[in-house]
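Structure, as structure tokens:
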Amino acid sequence: MSMQILRNSLIASACGAALLAVPAYAHHGWGGNVDQVTDMTGKVVQSVRLAGPHATMKIDSGGHVWDITLAPPFRTSEAGLKEGAIPVGETVTVRGNRNRDQKKFEMKTIMVQWNGKKYDVYPERE
Amino acid sequence: MTLAQFAAWFEGSFLGHAMRDSGVWTYGVVNLAHILGVALLFGSIAVLDLRLIGVWRQVPLAALSKPIVPMATIGFLLASITGLGLLATKTTDYLGNPFLYAKFPIIGLALLNVLLLHRSAAWKAHRLRDLSDGEKSQLARMGGASLVFWLGAISTGRMIGYW
């Protein structure tokens with residue numbers, strides 16, 4: 001293979017790979033979750049953690065431990081859910097969009113209700 | 001030690017605790033530094049790789065390699081250190097993530113390529129004399145491999161969060 005062809009094909013493939021990589025830069029949103037919003041009640045297994053890209057908690061509902069994905073840490077904290085906010089064993093109701101994969105017990109959460117109080121982590125989605 | 005045991009240990013390490021317990025902005029800021037490191041690494045190495053492949057032949061290779069090698073090294077170190085912090089935050093969440101499993105071997109290949117390049121007679125000679133056509137095409141192949149590996153590492157890395 002001549003240098004010219006090698007050079008051109010490598011530039012072309014680099015551009016192609018760069019184009020493929022572009023959609024990934026959109027923030028991963030709610031695409032992996034169903035459009036339908038549902039309410040789910042369960043018992044807290046792991047309290048609110050304000051770590052990582054999203055705050056999280058775990059609840060037991062219908063015999064499955066669900067990963068409750070909240071907003072990013074700052075926004076979740078501002079909504080009133082501080083680190084360890086809700087004790088383990090408490091009953092909560094969460095509203096959100098469950099994972100499209102029926103085998104994944106994960107819900108992207110809009111609102112958490114506990115002890116008569118609502119915590120809106122994504123108020124604009126309500 | 002299995003991979004699952006390693007993940008649990010790494011998540012429970014000092015680094016993991018520091019990442020989780022030091023405020024709501026920690027992950028975001030470390031993620032920002034990670035992206036800056038990647039940008040510094042790839043932005044600089046892409047110029048060198050394209051020159052090795054044969055673009056901008058009128059620019060002397062030695063004039064490019066002198067600033068690019070330290071810039072790329074700093075970028076790689078920044079990305080590596082911050083990357084360990086991101087991974088330590090919730091390591092066990094990434095078990096079974098195919099993009100993560102692909103990313104580290106690809107980085108390994110990229111680093112092996114760097115090692116081979118720096119050990120090659122052609123690279124050692126490029127600051128001292130004109131290179132033969134054979135040496136140029138050897139460096140061109142390594143430059144092409146570098147582009148493919150680093151693009152692969154960035155692409156698989158970015159996709160980790162979408163699995």
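Ligands are numbered from 1 in the order shown, chains are lettered A, B, ... in the order of the structure tokens, and residues start at 1 in each chain.
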Distance filter 6 Å, only C-alpha atoms, chain A against chain B, as number ranges by chain: A: 7, 51-52, 73-74
Dump of C-alpha atoms for the selected residues, as a compact mmCIF listing (two decimals), in the first residue's frame:
```
# COMPACT_ATOMS: atom_id res chain seq x y z
CA ARG A 7 -2.52 8.27 4.75
CA ALA A 51 -21.93 9.97 45.34
CA GLY A 52 -21.10 9.57 41.68
CA PRO A 73 -25.80 14.96 43.86
CA PHE A 74 -26.15 18.75 44.17
```
Shell of 12 Å around Met111 in chain A, only C-alpha atoms, local chain residues under 2 positions omitted, as an MDAnalysis selection string: chainID A and resid 37:41 68:71 76 79:81 92:97 107:109 113:114 117:126
Can I get the selected residues back with N, CA and C atoms, as a short mmCIF file (atom, residue, chain, number, x, y, z; two decimals), in the first residue's frame?
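Done, and the output landed in out08.cif:
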```
data_model
loop_
_atom_site.label_atom_id
_atom_site.label_comp_id
_atom_site.auth_asym_id
_atom_site.auth_seq_id
_atom_site.Cartn_x
_atom_site.Cartn_y
_atom_site.Cartn_z
N VAL A 37 -44.73 7.02 33.40
CA VAL A 37 -44.35 7.34 34.78
C VAL A 37 -45.21 6.51 35.72
N THR A 38 -44.54 5.82 36.65
CA THR A 38 -45.30 5.00 37.60
C THR A 38 -44.88 5.32 39.04
N ASP A 39 -45.79 5.05 39.96
CA ASP A 39 -45.49 5.15 41.39
C ASP A 39 -45.19 3.76 41.94
N MET A 40 -44.25 3.70 42.87
CA MET A 40 -43.87 2.41 43.43
C MET A 40 -43.57 2.62 44.91
N THR A 41 -44.13 1.72 45.74
CA THR A 41 -43.90 1.84 47.18
C THR A 41 -43.01 0.69 47.64
N ILE A 68 -32.69 2.98 42.82
CA ILE A 68 -33.42 4.23 42.61
C ILE A 68 -32.41 5.29 42.20
N THR A 69 -32.44 5.67 40.93
CA THR A 69 -31.51 6.68 40.43
C THR A 69 -32.14 8.05 40.62
N LEU A 70 -31.48 8.88 41.41
CA LEU A 70 -32.00 10.22 41.68
C LEU A 70 -31.32 11.22 40.74
N ALA A 71 -31.46 12.50 41.03
CA ALA A 71 -30.80 13.54 40.23
C ALA A 71 -29.30 13.55 40.57
N THR A 76 -30.09 16.80 44.02
CA THR A 76 -30.79 15.94 44.97
C THR A 76 -30.71 16.52 46.38
N ALA A 79 -32.94 19.41 46.80
CA ALA A 79 -34.35 19.02 46.91
C ALA A 79 -34.70 18.54 48.32
N GLY A 80 -33.69 18.46 49.18
CA GLY A 80 -33.92 18.08 50.57
C GLY A 80 -33.44 16.70 50.94
N LEU A 81 -33.00 15.94 49.94
CA LEU A 81 -32.50 14.59 50.22
C LEU A 81 -30.99 14.65 50.45
N VAL A 92 -41.24 4.22 51.61
CA VAL A 92 -41.25 5.39 50.73
C VAL A 92 -42.03 5.05 49.46
N THR A 93 -42.53 6.10 48.81
CA THR A 93 -43.12 5.94 47.49
C THR A 93 -42.29 6.77 46.51
N VAL A 94 -41.87 6.13 45.44
CA VAL A 94 -41.08 6.84 44.44
C VAL A 94 -41.86 6.91 43.14
N ARG A 95 -41.71 8.02 42.44
CA ARG A 95 -42.37 8.20 41.15
C ARG A 95 -41.29 8.37 40.08
N GLY A 96 -41.39 7.59 39.02
CA GLY A 96 -40.36 7.73 37.98
C GLY A 96 -40.60 6.81 36.80
N ASN A 97 -39.53 6.63 36.01
CA ASN A 97 -39.60 5.82 34.79
C ASN A 97 -38.70 4.60 34.98
N MET A 107 -35.03 2.44 38.51
CA MET A 107 -35.98 3.48 38.17
C MET A 107 -35.32 4.85 38.23
N LYS A 108 -35.45 5.62 37.14
CA LYS A 108 -35.02 7.01 37.18
C LYS A 108 -36.14 7.80 37.83
N THR A 109 -35.78 8.46 38.89
CA THR A 109 -36.80 8.95 39.81
C THR A 109 -37.02 10.45 39.73
N GLN A 113 -41.49 10.29 48.02
CA GLN A 113 -42.42 10.70 49.08
C GLN A 113 -42.14 9.88 50.33
N TRP A 114 -41.93 10.57 51.43
CA TRP A 114 -41.64 9.88 52.69
C TRP A 114 -42.19 10.69 53.84
N LYS A 117 -43.99 13.90 53.22
CA LYS A 117 -43.30 15.00 52.55
C LYS A 117 -42.83 14.54 51.17
N LYS A 118 -42.94 15.47 50.20
CA LYS A 118 -42.49 15.14 48.84
C LYS A 118 -41.14 15.80 48.56
N TYR A 119 -40.24 15.03 48.00
CA TYR A 119 -38.94 15.56 47.58
C TYR A 119 -38.88 15.50 46.05
N ASP A 120 -39.01 16.65 45.42
CA ASP A 120 -39.02 16.69 43.96
C ASP A 120 -37.60 16.90 43.45
N VAL A 121 -36.96 15.81 43.00
CA VAL A 121 -35.58 15.97 42.50
C VAL A 121 -35.57 16.42 41.03
N TYR A 122 -36.65 16.14 40.32
CA TYR A 122 -36.81 16.64 38.95
C TYR A 122 -38.19 17.30 38.83
N PRO A 123 -38.39 18.46 39.48
CA PRO A 123 -39.73 19.06 39.50
C PRO A 123 -40.29 19.34 38.10
N GLU A 124 -39.43 19.65 37.14
CA GLU A 124 -39.91 19.97 35.79
C GLU A 124 -40.44 18.75 35.06
N ARG A 125 -40.18 17.55 35.58
CA ARG A 125 -40.68 16.34 34.92
C ARG A 125 -42.00 15.88 35.51
N GLU A 126 -42.41 16.52 36.60
CA GLU A 126 -43.67 16.11 37.25
C GLU A 126 -44.87 16.39 36.35
#
```
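You will find CA of Ala125 in chain B at 15.5 Å from CA of Val69 in chain B.
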DSSP on the backbone, then: every residue of range 20-82 of chain A marked alpha helix (DSSP H), written as a ChimeraX atom specification. /A:20-21,73-78
Of the residues B:Arg57, B:Arg129, B:His118, B:Lys103, which is the one nearest to Gly83 in chain B, using only C-alpha atoms?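 The closest residue to Gly83 in chain B is B:Lys103.
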Would you kindly return, as a list in words, each protein, DNA or RNA residue with an atom no farther than 12 Å from any atom of Leu116 in chain B, considering only C-alpha atoms and excluding same-chain residues fewer than 6 positions away?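 My reading of the contact set: Leu109, Ala110, Ala122, Trp123, Lys124, Gln138, Leu139, Arg141, Met142, Gly143, Ala145 and Ser146 of chain B.
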